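Colleague: What follows is a structure written as C-alpha coordinates; I'll ask about it next.
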Amino acid sequence: MRFPSEQLSTFAAVLSEGTLEAAARTLHITPSAVSQRLKALEQTAGRVLLQRSNPAQPTEAGEVVLRLARQVAQLEADAGAELGLGASGPRLAIPVVVNADSLGVWFLQALAQVAAEVDVTFDLHRDDEQHSASFLRSGKVMAAVTATPDPVQGCRVEPLGVMRYLAVSEPAFAARWFSDGVDPGKLNTAPTVDFDRKDTYQWAFVQSLASTPAGESIDVKGPRHYVPSSHDFGNAIRLGLGWGLIPEIQCQQDIKDGTLVGLAPGRPLDVALYWQRWKTASHVLDVVSDTVRAVAARFLRQP
(Lines give C-alpha, C1' and ligand atoms only; values in the text may rest on other atoms or scores of the structure.)
Protein backbone atom coordinates (compact mmCIF):
# COMPACT_ATOMS: atom_id res chain seq x y z
CA MET A 1 0.00 0.00 0.00
CA ARG A 2 1.37 3.40 -1.01
CA PHE A 3 -0.05 6.78 -0.08
CA PRO A 4 0.82 9.55 -2.58
CA SER A 5 2.57 12.49 -0.95
CA GLU A 6 0.13 15.09 -2.34
CA GLN A 7 -2.84 13.19 -0.87
CA LEU A 8 -1.16 13.00 2.54
CA SER A 9 -0.30 16.71 2.52
CA THR A 10 -3.87 17.55 1.53
CA PHE A 11 -5.27 15.41 4.34
CA ALA A 12 -2.99 17.12 6.87
CA ALA A 13 -3.92 20.55 5.51
CA VAL A 14 -7.64 19.88 5.94
CA LEU A 15 -7.12 18.88 9.57
CA SER A 16 -4.83 21.84 10.24
CA GLU A 17 -7.11 24.40 8.60
CA GLY A 18 -10.39 22.86 9.74
CA THR A 19 -12.31 22.82 6.43
CA LEU A 20 -11.85 21.69 2.83
CA GLU A 21 -12.26 25.27 1.61
CA ALA A 22 -9.57 26.62 3.95
CA ALA A 23 -7.20 23.81 2.97
CA ALA A 24 -7.84 24.58 -0.70
CA ARG A 25 -6.82 28.21 -0.17
CA THR A 26 -3.66 27.13 1.65
CA LEU A 27 -2.72 24.63 -1.06
CA HIS A 28 -3.75 26.95 -3.95
CA ILE A 29 -6.08 24.36 -5.46
CA THR A 30 -9.86 24.11 -5.74
CA PRO A 31 -12.09 22.59 -3.03
CA SER A 32 -13.08 20.02 -5.62
CA ALA A 33 -9.46 18.94 -6.01
CA VAL A 34 -9.15 18.66 -2.22
CA SER A 35 -12.27 16.47 -2.12
CA GLN A 36 -10.96 14.25 -4.92
CA ARG A 37 -7.62 13.74 -3.17
CA LEU A 38 -9.35 12.85 0.10
CA LYS A 39 -11.62 10.39 -1.69
CA ALA A 40 -8.62 8.72 -3.36
CA LEU A 41 -6.77 8.55 -0.03
CA GLU A 42 -9.75 6.91 1.68
CA GLN A 43 -10.06 4.44 -1.18
CA THR A 44 -6.40 3.50 -0.76
CA ALA A 45 -6.82 3.12 3.02
CA GLY A 46 -10.07 1.21 2.56
CA ARG A 47 -11.87 3.15 5.28
CA VAL A 48 -13.19 6.57 6.26
CA LEU A 49 -10.38 8.84 7.47
CA LEU A 50 -12.14 12.15 8.00
CA GLN A 51 -15.14 13.26 10.01
CA ARG A 52 -16.55 16.06 7.87
CA SER A 53 -17.52 18.19 10.84
CA ASN A 54 -16.68 21.83 11.45
CA PRO A 55 -13.82 21.78 12.15
CA ALA A 56 -12.91 18.52 10.41
CA GLN A 57 -11.64 15.75 12.70
CA PRO A 58 -9.79 12.51 11.93
CA THR A 59 -11.40 9.14 12.55
CA GLU A 60 -9.43 6.55 14.50
CA ALA A 61 -7.96 5.31 11.22
CA GLY A 62 -7.41 8.91 10.16
CA GLU A 63 -5.21 9.53 13.19
CA VAL A 64 -2.83 6.84 11.91
CA VAL A 65 -2.71 8.44 8.46
CA LEU A 66 -2.28 11.92 9.98
CA ARG A 67 0.82 10.74 11.85
CA LEU A 68 2.19 9.38 8.58
CA ALA A 69 1.39 12.61 6.74
CA ARG A 70 3.19 14.72 9.34
CA GLN A 71 6.19 12.39 9.38
CA VAL A 72 6.47 12.44 5.58
CA ALA A 73 6.30 16.25 5.56
CA GLN A 74 8.96 16.40 8.24
CA LEU A 75 11.31 14.06 6.37
CA GLU A 76 10.77 15.93 3.09
CA ALA A 77 11.56 19.26 4.75
CA ASP A 78 14.71 17.85 6.37
CA ALA A 79 15.87 16.39 3.04
CA GLY A 80 15.20 19.69 1.27
CA ALA A 81 17.21 21.57 3.88
CA GLU A 82 20.17 19.18 3.55
CA LEU A 83 20.05 19.58 -0.23
CA GLY A 84 19.99 23.35 0.08
CA LEU A 85 16.41 23.57 -1.15
CA GLY A 86 14.93 24.98 2.05
CA ALA A 87 14.29 28.41 0.63
CA SER A 88 12.39 27.10 -2.40
CA GLY A 89 10.58 24.25 -0.71
CA PRO A 90 7.62 24.53 1.66
CA ARG A 91 8.41 25.72 5.17
CA LEU A 92 7.89 22.98 7.75
CA ALA A 93 5.22 23.73 10.35
CA ILE A 94 5.79 21.85 13.60
CA PRO A 95 2.67 21.26 15.72
CA VAL A 96 3.42 21.23 19.46
CA VAL A 97 1.15 21.02 22.49
CA VAL A 98 2.17 22.84 25.69
CA ASN A 99 0.50 23.78 28.96
CA ALA A 100 -0.43 27.40 29.62
CA ASP A 101 2.05 27.99 32.46
CA SER A 102 5.03 26.72 30.45
CA LEU A 103 3.87 28.85 27.53
CA GLY A 104 3.68 31.90 29.80
CA VAL A 105 6.94 31.31 31.67
CA TRP A 106 9.59 29.85 29.36
CA PHE A 107 8.48 27.91 26.29
CA LEU A 108 8.15 30.84 23.86
CA GLN A 109 11.78 31.76 24.56
CA ALA A 110 12.79 28.31 23.32
CA LEU A 111 10.73 28.66 20.14
CA ALA A 112 12.19 32.11 19.46
CA GLN A 113 15.70 30.68 19.63
CA VAL A 114 14.78 27.87 17.23
CA ALA A 115 13.14 30.26 14.75
CA ALA A 116 16.36 32.29 14.68
CA GLU A 117 18.32 29.20 13.60
CA VAL A 118 15.91 27.15 11.48
CA ASP A 119 13.40 28.12 8.79
CA VAL A 120 10.37 26.68 10.55
CA THR A 121 6.98 27.75 11.87
CA PHE A 122 5.11 26.44 14.91
CA ASP A 123 1.48 25.44 15.29
CA LEU A 124 0.92 25.67 19.04
CA HIS A 125 -1.84 23.83 20.83
CA ARG A 126 -2.54 24.62 24.47
CA ASP A 127 -3.76 21.95 26.85
CA ASP A 128 -3.31 20.80 30.42
CA GLU A 129 -0.03 18.93 30.92
CA GLN A 130 -1.96 16.01 32.40
CA HIS A 131 -3.85 15.58 29.11
CA SER A 132 -1.42 16.72 26.40
CA ALA A 133 -0.08 13.24 25.63
CA SER A 134 -3.37 12.47 23.87
CA PHE A 135 -2.33 14.93 21.13
CA LEU A 136 0.70 12.75 20.40
CA ARG A 137 -1.40 9.60 20.24
CA SER A 138 -3.79 11.16 17.76
CA GLY A 139 -1.01 12.46 15.50
CA LYS A 140 -2.10 16.08 15.97
CA VAL A 141 1.36 17.13 17.21
CA MET A 142 4.96 16.06 16.79
CA ALA A 143 6.03 17.00 20.31
CA ALA A 144 4.56 17.89 23.69
CA VAL A 145 5.38 19.35 27.07
CA THR A 146 3.60 16.90 29.32
CA ALA A 147 3.39 15.58 32.87
CA THR A 148 3.32 12.03 31.51
CA PRO A 149 6.65 10.22 32.08
CA ASP A 150 5.67 7.11 30.09
CA PRO A 151 6.44 7.49 26.36
CA VAL A 152 3.57 7.43 23.91
CA GLN A 153 4.03 4.73 21.27
CA GLY A 154 6.44 5.97 18.62
CA CYS A 155 7.81 8.72 20.88
CA ARG A 156 10.74 9.20 23.18
CA VAL A 157 10.61 11.10 26.44
CA GLU A 158 13.08 13.05 28.57
CA PRO A 159 12.65 15.01 31.82
CA LEU A 160 12.71 18.80 31.63
CA GLY A 161 12.56 19.68 35.32
CA VAL A 162 10.01 20.62 37.95
CA MET A 163 7.58 23.54 37.86
CA ARG A 164 7.02 24.66 41.45
CA TYR A 165 3.70 26.24 42.39
CA LEU A 166 2.90 28.28 45.52
CA ALA A 167 -0.55 28.76 47.06
CA VAL A 168 -1.14 32.51 47.29
CA SER A 169 -3.84 35.16 47.66
CA GLU A 170 -4.23 38.92 47.88
CA PRO A 171 -3.58 40.13 51.48
CA ALA A 172 -7.10 41.46 52.14
CA PHE A 173 -8.56 38.22 50.80
CA ALA A 174 -6.32 36.26 53.18
CA ALA A 175 -7.36 38.47 56.11
CA ARG A 176 -11.02 37.88 55.30
CA TRP A 177 -10.96 34.14 54.75
CA PHE A 178 -7.94 32.93 56.72
CA SER A 179 -7.81 35.25 59.74
CA ASP A 180 -7.51 32.25 62.06
CA GLY A 181 -4.97 30.42 59.90
CA VAL A 182 -5.05 28.21 56.82
CA ASP A 183 -6.36 24.67 56.83
CA PRO A 184 -7.92 22.44 54.13
CA GLY A 185 -11.49 23.21 55.17
CA LYS A 186 -10.97 26.98 55.02
CA LEU A 187 -9.17 26.74 51.67
CA ASN A 188 -12.08 24.77 50.28
CA THR A 189 -14.66 27.17 51.69
CA ALA A 190 -12.96 30.26 50.26
CA PRO A 191 -13.42 31.11 46.56
CA THR A 192 -10.79 29.39 44.45
CA VAL A 193 -9.42 30.36 41.03
CA ASP A 194 -9.04 27.48 38.56
CA PHE A 195 -7.66 27.83 35.05
CA ASP A 196 -10.42 25.69 33.55
CA ARG A 197 -12.31 22.51 34.38
CA LYS A 198 -9.25 20.39 33.60
CA ASP A 199 -7.23 22.29 36.20
CA THR A 200 -7.07 20.07 39.29
CA TYR A 201 -4.05 21.64 40.99
CA GLN A 202 -5.92 23.74 43.54
CA TRP A 203 -8.10 20.77 44.46
CA ALA A 204 -5.06 18.46 44.63
CA PHE A 205 -3.36 20.97 46.92
CA VAL A 206 -6.34 21.06 49.31
CA GLN A 207 -6.47 17.27 49.30
CA SER A 208 -2.73 17.02 49.97
CA LEU A 209 -3.13 19.16 53.07
CA ALA A 210 -6.21 17.21 54.14
CA SER A 211 -4.31 13.93 53.89
CA THR A 212 -2.02 14.86 56.78
CA PRO A 213 -2.67 13.00 60.07
CA ALA A 214 -4.37 16.06 61.53
CA GLY A 215 -6.30 16.77 58.34
CA GLU A 216 -9.89 16.25 57.45
CA SER A 217 -11.72 14.41 54.69
CA ILE A 218 -13.03 16.75 51.98
CA ASP A 219 -15.22 15.25 49.28
CA VAL A 220 -16.90 18.27 47.67
CA LYS A 221 -15.17 21.14 45.90
CA GLY A 222 -15.88 24.63 47.17
CA PRO A 223 -16.76 27.75 45.09
CA ARG A 224 -14.60 28.28 42.01
CA HIS A 225 -13.86 30.94 39.42
CA TYR A 226 -12.62 29.76 35.99
CA VAL A 227 -10.09 32.06 34.28
CA PRO A 228 -8.59 30.32 31.19
CA SER A 229 -5.63 32.64 30.60
CA SER A 230 -2.29 32.32 32.36
CA HIS A 231 -1.83 36.10 32.63
CA ASP A 232 -5.42 36.78 33.69
CA PHE A 233 -5.38 33.83 36.10
CA GLY A 234 -2.59 35.51 38.09
CA ASN A 235 -4.30 38.88 37.89
CA ALA A 236 -7.57 37.41 39.19
CA ILE A 237 -5.72 36.23 42.30
CA ARG A 238 -3.86 39.54 42.69
CA LEU A 239 -7.20 41.38 42.52
CA GLY A 240 -8.68 39.26 45.29
CA LEU A 241 -11.10 37.16 43.26
CA GLY A 242 -9.89 34.02 45.00
CA TRP A 243 -6.81 32.04 46.02
CA GLY A 244 -4.83 29.77 43.73
CA LEU A 245 -1.50 28.23 42.78
CA ILE A 246 0.89 30.38 40.73
CA PRO A 247 4.29 29.26 39.41
CA GLU A 248 6.95 30.24 41.92
CA ILE A 249 8.89 32.18 39.29
CA GLN A 250 5.82 34.35 38.63
CA CYS A 251 4.88 35.17 42.23
CA GLN A 252 8.13 35.36 44.23
CA GLN A 253 8.48 39.10 43.79
CA ASP A 254 4.79 39.65 44.58
CA ILE A 255 5.24 37.83 47.87
CA LYS A 256 8.34 39.87 48.68
CA ASP A 257 6.67 43.22 48.02
CA GLY A 258 3.40 42.24 49.76
CA THR A 259 1.16 42.15 46.69
CA LEU A 260 0.49 38.50 47.48
CA VAL A 261 0.81 36.40 50.61
CA GLY A 262 1.85 32.78 50.74
CA LEU A 263 -0.86 30.62 52.28
CA ALA A 264 1.18 27.53 53.07
CA PRO A 265 4.89 28.34 53.41
CA GLY A 266 6.95 25.21 53.04
CA ARG A 267 4.17 23.35 51.23
CA PRO A 268 4.68 23.93 47.49
CA LEU A 269 3.11 21.82 44.77
CA ASP A 270 5.81 20.44 42.46
CA VAL A 271 4.90 19.23 38.96
CA ALA A 272 7.47 17.27 36.96
CA LEU A 273 7.44 18.13 33.25
CA TYR A 274 8.64 16.00 30.36
CA TRP A 275 9.36 16.53 26.68
CA GLN A 276 7.92 13.90 24.37
CA ARG A 277 8.67 13.89 20.64
CA TRP A 278 8.43 11.54 17.72
CA LYS A 279 11.30 9.09 17.38
CA THR A 280 11.56 9.88 13.67
CA ALA A 281 15.06 11.10 12.86
CA SER A 282 14.86 14.82 12.09
CA HIS A 283 17.40 17.61 12.27
CA VAL A 284 14.66 20.17 12.91
CA LEU A 285 13.11 18.18 15.76
CA ASP A 286 16.59 17.66 17.19
CA VAL A 287 17.20 21.41 17.21
CA VAL A 288 13.81 22.05 18.81
CA SER A 289 14.39 19.38 21.46
CA ASP A 290 17.91 20.56 22.32
CA THR A 291 16.71 24.16 22.66
CA VAL A 292 13.65 23.26 24.73
CA ARG A 293 15.82 21.24 27.09
CA ALA A 294 18.40 24.05 27.47
CA VAL A 295 15.82 26.79 28.09
CA ALA A 296 13.81 24.62 30.49
CA ALA A 297 16.96 24.07 32.55
CA ARG A 298 17.14 27.83 33.18
CA PHE A 299 13.56 28.15 34.42
CA LEU A 300 12.60 24.82 35.99
CA ARG A 301 13.95 23.24 39.14
CA GLN A 302 16.40 20.46 38.30
CA PRO A 303 16.85 17.26 40.31
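Simple scheme: letters A, B, ... for chains in C-alpha coordinates order, numbers from 1 for residues in each chain, numbers from 1 for ligands in the order shown.
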Output as a PyMOL selection string all residues of region 215-257 of chain A that backbone DSSP marks as helix (DSSP H, G or I).
Modeller: chain A and resi 230-238+248-257
Colleague: Generate the output file for the selected residues, N, CA and C atoms, as an mmCIF file, in the first residue's frame.
Modeller:
```cif
data_model
loop_
_atom_site.group_PDB
_atom_site.id
_atom_site.type_symbol
_atom_site.label_atom_id
_atom_site.label_comp_id
_atom_site.auth_asym_id
_atom_site.auth_seq_id
_atom_site.Cartn_x
_atom_site.Cartn_y
_atom_site.Cartn_z
ATOM 1 N N SER A 230 -3.345 32.335 31.353
ATOM 2 C CA SER A 230 -2.287 32.315 32.356
ATOM 3 C C SER A 230 -2.070 33.693 32.971
ATOM 4 N N HIS A 231 -2.036 34.728 32.132
ATOM 5 C CA HIS A 231 -1.832 36.095 32.628
ATOM 6 C C HIS A 231 -3.020 36.541 33.478
ATOM 7 N N ASP A 232 -4.227 36.334 32.972
ATOM 8 C CA ASP A 232 -5.416 36.782 33.693
ATOM 9 C C ASP A 232 -5.679 35.947 34.938
ATOM 10 N N PHE A 233 -5.259 34.687 34.917
ATOM 11 C CA PHE A 233 -5.384 33.833 36.104
ATOM 12 C C PHE A 233 -4.634 34.474 37.273
ATOM 13 N N GLY A 234 -3.370 34.858 37.034
ATOM 14 C CA GLY A 234 -2.594 35.505 38.087
ATOM 15 C C GLY A 234 -3.192 36.826 38.517
ATOM 16 N N ASN A 235 -3.689 37.596 37.549
ATOM 17 C CA ASN A 235 -4.301 38.883 37.893
ATOM 18 C C ASN A 235 -5.567 38.713 38.722
ATOM 19 N N ALA A 236 -6.349 37.663 38.421
ATOM 20 C CA ALA A 236 -7.567 37.414 39.192
ATOM 21 C C ALA A 236 -7.237 37.186 40.656
ATOM 22 N N ILE A 237 -6.144 36.480 40.921
ATOM 23 C CA ILE A 237 -5.723 36.230 42.300
ATOM 24 C C ILE A 237 -5.193 37.522 42.927
ATOM 25 N N ARG A 238 -4.412 38.280 42.156
ATOM 26 C CA ARG A 238 -3.863 39.538 42.688
ATOM 27 C C ARG A 238 -4.962 40.547 43.006
ATOM 28 N N GLU A 248 6.063 29.519 40.999
ATOM 29 C CA GLU A 248 6.951 30.244 41.918
ATOM 30 C C GLU A 248 7.662 31.395 41.227
ATOM 31 N N ILE A 249 8.124 31.165 40.005
ATOM 32 C CA ILE A 249 8.887 32.184 39.286
ATOM 33 C C ILE A 249 8.034 33.410 38.979
ATOM 34 N N GLN A 250 6.711 33.247 38.947
ATOM 35 C CA GLN A 250 5.816 34.350 38.633
ATOM 36 C C GLN A 250 5.281 35.080 39.862
ATOM 37 N N CYS A 251 5.473 34.519 41.047
ATOM 38 C CA CYS A 251 4.882 35.173 42.225
ATOM 39 C C CYS A 251 5.881 35.470 43.338
ATOM 40 N N GLN A 252 7.142 35.100 43.176
ATOM 41 C CA GLN A 252 8.130 35.359 44.228
ATOM 42 C C GLN A 252 8.224 36.838 44.572
ATOM 43 N N GLN A 253 8.328 37.673 43.537
ATOM 44 C CA GLN A 253 8.484 39.105 43.789
ATOM 45 C C GLN A 253 7.222 39.679 44.415
ATOM 46 N N ASP A 254 6.049 39.185 43.993
ATOM 47 C CA ASP A 254 4.787 39.655 44.575
ATOM 48 C C ASP A 254 4.719 39.350 46.067
ATOM 49 N N ILE A 255 5.227 38.193 46.457
ATOM 50 C CA ILE A 255 5.236 37.833 47.875
ATOM 51 C C ILE A 255 6.205 38.741 48.641
ATOM 52 N N LYS A 256 7.347 39.026 48.028
ATOM 53 C CA LYS A 256 8.341 39.873 48.684
ATOM 54 C C LYS A 256 7.825 41.293 48.903
ATOM 55 N N ASP A 257 7.118 41.828 47.877
ATOM 56 C CA ASP A 257 6.671 43.224 48.024
ATOM 57 C C ASP A 257 5.282 43.339 48.648
#
```
Colleague: Which parts of region 80-282 of chain A does DSSP call strand (DSSP E or B) when run on the backbone here, written out as an MDAnalysis selection string?
Modeller: chainID A and resid 92:98 120:126 143:146 155:169 192:194 224:226 243:247 261:262 269:278
Colleague: Can you measure CA of Pro95 (chain A) to CA of Met142 (chain A) for me? One decimal in Å is fine.
Modeller: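 For CA of Pro95 (chain A) relative to CA of Met142 (chain A), the distance reads 5.8 Å.
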Colleague: Under the rule that only C-alpha atoms are counted, which of A:Ala100, A:Leu108, A:Met1, A:Val287 is the nearest residue to Phe195 (chain A)?
Modeller: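 Closest residue, counting only C-alpha atoms: A:Ala100.
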Colleague: Give me, please, the distance in Å between CA of Leu136 (chain A) and CA of Gly62 (chain A), quoted to one decimal.
Modeller: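 Pair CA of Leu136 (chain A) / CA of Gly62 (chain A) returns 13.6 Å.
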Colleague: Counting only C-alpha atoms, which residue out of A:Gln113, A:Glu6, A:Ala24, A:Ala33 sits closest to Val295 (chain A)?
Modeller: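 Among A:Gln113, A:Glu6, A:Ala24, A:Ala33, it is A:Gln113 that comes nearest to Val295 (chain A).
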Colleague: Identify, on the basis of only C-alpha atoms, every residue whose closest approach to region 65-77 of chain A does not exceed 9 Å; exclude the query and any residue fewer than 4 positions from it along the same chain; express the result as JSON, numbers by chain.
Modeller: {"A": [5, 7, 8, 9, 10, 11, 12, 15, 45, 49, 58, 61, 81, 82, 85, 86, 89, 90, 91, 92, 93, 94, 136, 137, 138, 139, 140, 141, 142, 278, 280, 281, 282, 284, 285]}
Colleague: Between CA of Arg2 (chain A) and CA of Gln36 (chain A), what is the distance, to one decimal in Å?
Modeller: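 Calculated distance between CA of Arg2 (chain A) and CA of Gln36 (chain A) is 16.9 Å.
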Colleague: Find the spatial neighbours of Arg224 (chain A), counting only C-alpha atoms, within a cut-off of 6 Å - ignore same-chain residues fewer than 2 positions away - and output them as an MDAnalysis selection string.
Modeller: chainID A and resid 191:193
Colleague: Measuring between only C-alpha atoms, which one of A:Asp150, A:Asp101, A:Asp180, A:Glu129 shows the shortest distance to Pro247 (chain A)?
Modeller: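 Among the listed residues, the smallest separation from Pro247 (chain A) belongs to A:Asp101.
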